[in-house]
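Working notes, beginning with the structure itself.
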Amino acid sequence: MNRRVAVLASLAVAILVFAVGAIAYSRFATPEPPPTPVSEPSNLVRFNSPVVGPQNAPVTIVEFFDPSCEACRAFYPIVKQIMARYPERVRLVLRYAPLHEGSDQAVRILEAARKQDRLIPVLEAMLAGQPNWAAHGAPNLDIAWQIAGAAGLDLDRARADAQGEDVTAVLAQEIADLEALGVSQTPTFYVNGRELLDFGPQQLADLVAEEVEKTN
């Protein structure tokens, strides 16, 4: 996250907006996406990666994020705003990048929420409450679970699901793809396969706009 530190200060307003309350994405789906005009390396988008937005959208944002990452929390409302500009043209693929201590367990909570069709509500709740549970070096996952429960997660079922072999396999695949792509900081964005190298909110918006324009 070293190259993200300077960006965090400029995102204070976005964080405040997010804290007031996020507007849910218009659509969320997890089935295998149909073919799109975008050429996507297999380690960039997996068939079971969570997808937000139209499955057949011509522009795909891939975000590698860590639920413990402050910059990821700051960018969350920004990505939503960008998607709202192109409701039928842009989709978001979420990839886990558990780079902080305890983040792998936070990912397990999110995957358990996904099994109950509660991924987005739980993700938003965990990001909103991130300062309470995600202290770097000393994460409090008990608080994270409490937040997830308050967001409507069946905790008894979720605690069992979170330790399932399928969730372990998801984590292993995500980590393998991180290594294959050389992703070492969060958030890391790709737009139609193009990595956002010049990091920042406006740069991301410009890259998405450029790819949308290509599809006109």
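Identifiers in this document derive from the order of the structure tokens: chains are assigned A, B, ..., residues are numbered from 1 separately in each chain, and ligands are numbered from 1 in order of occurrence.
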Apply DSSP to the backbone of this structure and, from range 15-153 of chain A, keep only the residues in alpha helix (DSSP H); write these as number ranges by chain. A: 15-20, 70-85, 103-115, 119-128, 130-133, 141-150
Taking only C-alpha atoms into account, which of A:Asp154, A:Glu124, A:Glu63, A:Glu210 comes nearest Arg95 in chain A?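 Selected residue with least distance to Arg95 in chain A: A:Glu63.
Here CA of Ala106 in chain A and CA of Ala151 in chain A stand 14.6 Å from one another.
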Among listed residues A:Leu155, A:Leu171, A:Val183, A:Val59, nearest Asp104 in chain A (using only C-alpha atoms):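 Selected residue with least distance to Asp104 in chain A: A:Leu171.
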Within 12 Å of Glu213 in chain A, counting only C-alpha atoms, which residues qualify if same-chain residues fewer than 5 places away don't, as a VMD selection string? chain A and resid 58 to 59 86 89 to 90 206 to 208
For those residues, write all heavy atoms to a file as a PDB file, in the first residue's frame.
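out-v1.pdb, written as the output of this step:
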```pdb
ATOM      1  N   PRO A  58     -19.725  -4.538 -21.716  1.00  0.00           N
ATOM      2  CA  PRO A  58     -18.521  -4.576 -22.543  1.00  0.00           C
ATOM      3  C   PRO A  58     -17.257  -4.126 -21.819  1.00  0.00           C
ATOM      4  O   PRO A  58     -16.158  -4.330 -22.328  1.00  0.00           O
ATOM      5  CB  PRO A  58     -18.856  -3.624 -23.693  1.00  0.00           C
ATOM      6  CG  PRO A  58     -19.838  -2.664 -23.107  1.00  0.00           C
ATOM      7  CD  PRO A  58     -20.656  -3.463 -22.136  1.00  0.00           C
ATOM      8  N   VAL A  59     -17.405  -3.485 -20.669  1.00  0.00           N
ATOM      9  CA  VAL A  59     -16.235  -3.008 -19.917  1.00  0.00           C
ATOM     10  C   VAL A  59     -16.227  -3.687 -18.549  1.00  0.00           C
ATOM     11  O   VAL A  59     -17.229  -3.679 -17.832  1.00  0.00           O
ATOM     12  CB  VAL A  59     -16.253  -1.478 -19.751  1.00  0.00           C
ATOM     13  CG1 VAL A  59     -15.082  -1.019 -18.885  1.00  0.00           C
ATOM     14  CG2 VAL A  59     -16.200  -0.790 -21.114  1.00  0.00           C
ATOM     15  N   TYR A  86     -22.254   4.498 -15.948  1.00  0.00           N
ATOM     16  CA  TYR A  86     -22.414   3.603 -17.097  1.00  0.00           C
ATOM     17  C   TYR A  86     -23.163   2.342 -16.634  1.00  0.00           C
ATOM     18  O   TYR A  86     -22.604   1.230 -16.630  1.00  0.00           O
ATOM     19  CB  TYR A  86     -21.044   3.208 -17.655  1.00  0.00           C
ATOM     20  CG  TYR A  86     -20.077   4.351 -17.815  1.00  0.00           C
ATOM     21  CD1 TYR A  86     -19.037   4.552 -16.902  1.00  0.00           C
ATOM     22  CD2 TYR A  86     -20.187   5.243 -18.878  1.00  0.00           C
ATOM     23  CE1 TYR A  86     -18.142   5.589 -17.045  1.00  0.00           C
ATOM     24  CE2 TYR A  86     -19.287   6.285 -19.030  1.00  0.00           C
ATOM     25  CZ  TYR A  86     -18.269   6.453 -18.109  1.00  0.00           C
ATOM     26  OH  TYR A  86     -17.369   7.497 -18.258  1.00  0.00           O
ATOM     27  N   ARG A  89     -22.998  -0.498 -19.110  1.00  0.00           N
ATOM     28  CA  ARG A  89     -21.760  -0.665 -19.875  1.00  0.00           C
ATOM     29  C   ARG A  89     -20.614  -1.243 -19.058  1.00  0.00           C
ATOM     30  O   ARG A  89     -19.608  -1.678 -19.635  1.00  0.00           O
ATOM     31  CB  ARG A  89     -21.306   0.685 -20.466  1.00  0.00           C
ATOM     32  CG  ARG A  89     -22.396   1.483 -21.150  1.00  0.00           C
ATOM     33  CD  ARG A  89     -22.931   0.762 -22.382  1.00  0.00           C
ATOM     34  NE  ARG A  89     -21.931   0.629 -23.417  1.00  0.00           N
ATOM     35  CZ  ARG A  89     -21.604   1.610 -24.255  1.00  0.00           C
ATOM     36  NH1 ARG A  89     -22.194   2.794 -24.178  1.00  0.00           N
ATOM     37  NH2 ARG A  89     -20.693   1.410 -25.192  1.00  0.00           N
ATOM     38  N   VAL A  90     -20.726  -1.181 -17.738  1.00  0.00           N
ATOM     39  CA  VAL A  90     -19.588  -1.541 -16.892  1.00  0.00           C
ATOM     40  C   VAL A  90     -20.010  -2.563 -15.843  1.00  0.00           C
ATOM     41  O   VAL A  90     -21.079  -2.438 -15.235  1.00  0.00           O
ATOM     42  CB  VAL A  90     -19.001  -0.296 -16.191  1.00  0.00           C
ATOM     43  CG1 VAL A  90     -17.856  -0.692 -15.262  1.00  0.00           C
ATOM     44  CG2 VAL A  90     -18.518   0.724 -17.218  1.00  0.00           C
ATOM     45  N   ASP A 206     -10.867   7.907 -15.669  1.00  0.00           N
ATOM     46  CA  ASP A 206     -10.450   8.175 -17.048  1.00  0.00           C
ATOM     47  C   ASP A 206     -10.226   6.883 -17.823  1.00  0.00           C
ATOM     48  O   ASP A 206     -10.590   6.792 -19.008  1.00  0.00           O
ATOM     49  CB  ASP A 206      -9.164   9.011 -17.051  1.00  0.00           C
ATOM     50  CG  ASP A 206      -9.378  10.437 -16.573  1.00  0.00           C
ATOM     51  OD1 ASP A 206     -10.546  10.871 -16.490  1.00  0.00           O
ATOM     52  OD2 ASP A 206      -8.378  11.107 -16.269  1.00  0.00           O
ATOM     53  N   LEU A 207      -9.633   5.890 -17.169  1.00  0.00           N
ATOM     54  CA  LEU A 207      -9.380   4.623 -17.855  1.00  0.00           C
ATOM     55  C   LEU A 207     -10.692   3.928 -18.203  1.00  0.00           C
ATOM     56  O   LEU A 207     -10.852   3.386 -19.301  1.00  0.00           O
ATOM     57  CB  LEU A 207      -8.510   3.717 -16.981  1.00  0.00           C
ATOM     58  CG  LEU A 207      -8.103   2.371 -17.582  1.00  0.00           C
ATOM     59  CD1 LEU A 207      -7.379   2.549 -18.906  1.00  0.00           C
ATOM     60  CD2 LEU A 207      -7.228   1.593 -16.590  1.00  0.00           C
ATOM     61  N   VAL A 208     -11.639   3.957 -17.284  1.00  0.00           N
ATOM     62  CA  VAL A 208     -12.950   3.361 -17.563  1.00  0.00           C
ATOM     63  C   VAL A 208     -13.630   4.101 -18.705  1.00  0.00           C
ATOM     64  O   VAL A 208     -14.187   3.491 -19.628  1.00  0.00           O
ATOM     65  CB  VAL A 208     -13.838   3.367 -16.306  1.00  0.00           C
ATOM     66  CG1 VAL A 208     -15.262   2.922 -16.648  1.00  0.00           C
ATOM     67  CG2 VAL A 208     -13.251   2.458 -15.235  1.00  0.00           C
TER      68      VAL A 208
END
```
Would you compute the distance between CA of Asn56 in chain A and CA of Asn43 in chain A? Give it in Å to one decimal.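 Atom-to-atom, CA of Asn56 in chain A and CA of Asn43 in chain A are spaced 19.3 Å apart.
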Looking at A:Ile78, A:Asp66, A:Gln173, A:Arg85, which one is nearest to Ala209 in chain A, with distances taken over only C-alpha atoms?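 Using only C-alpha atoms, Ala209 in chain A sits closest to A:Arg85.
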As a ChimeraX atom specification, please: all residues of chain A that backbone DSSP puts in strand (DSSP E). /A:28-29,51-52,59-65,90-96,188-191,194-195
I'd like the interatomic distance between CA of Gln81 in chain A and CA of Ala97 in chain A, to a tenth of an Å. 22.3 Å
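With only C-alpha atoms as the atoms that count, the residue of A:Val79, A:Val52, A:Ala150, A:Ala134 with the shortest distance to Leu94 in chain A is A:Val52.
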Non-local contacts of range 107-110 of chain A (10 Å; only C-alpha atoms; under 3 positions in same chain excluded) as a ChimeraX atom specification: /A:66-68,96-98,102-104,113-116,118-123,126,141,144-145,148,153,155,158-159,161-164,167-168,170-171
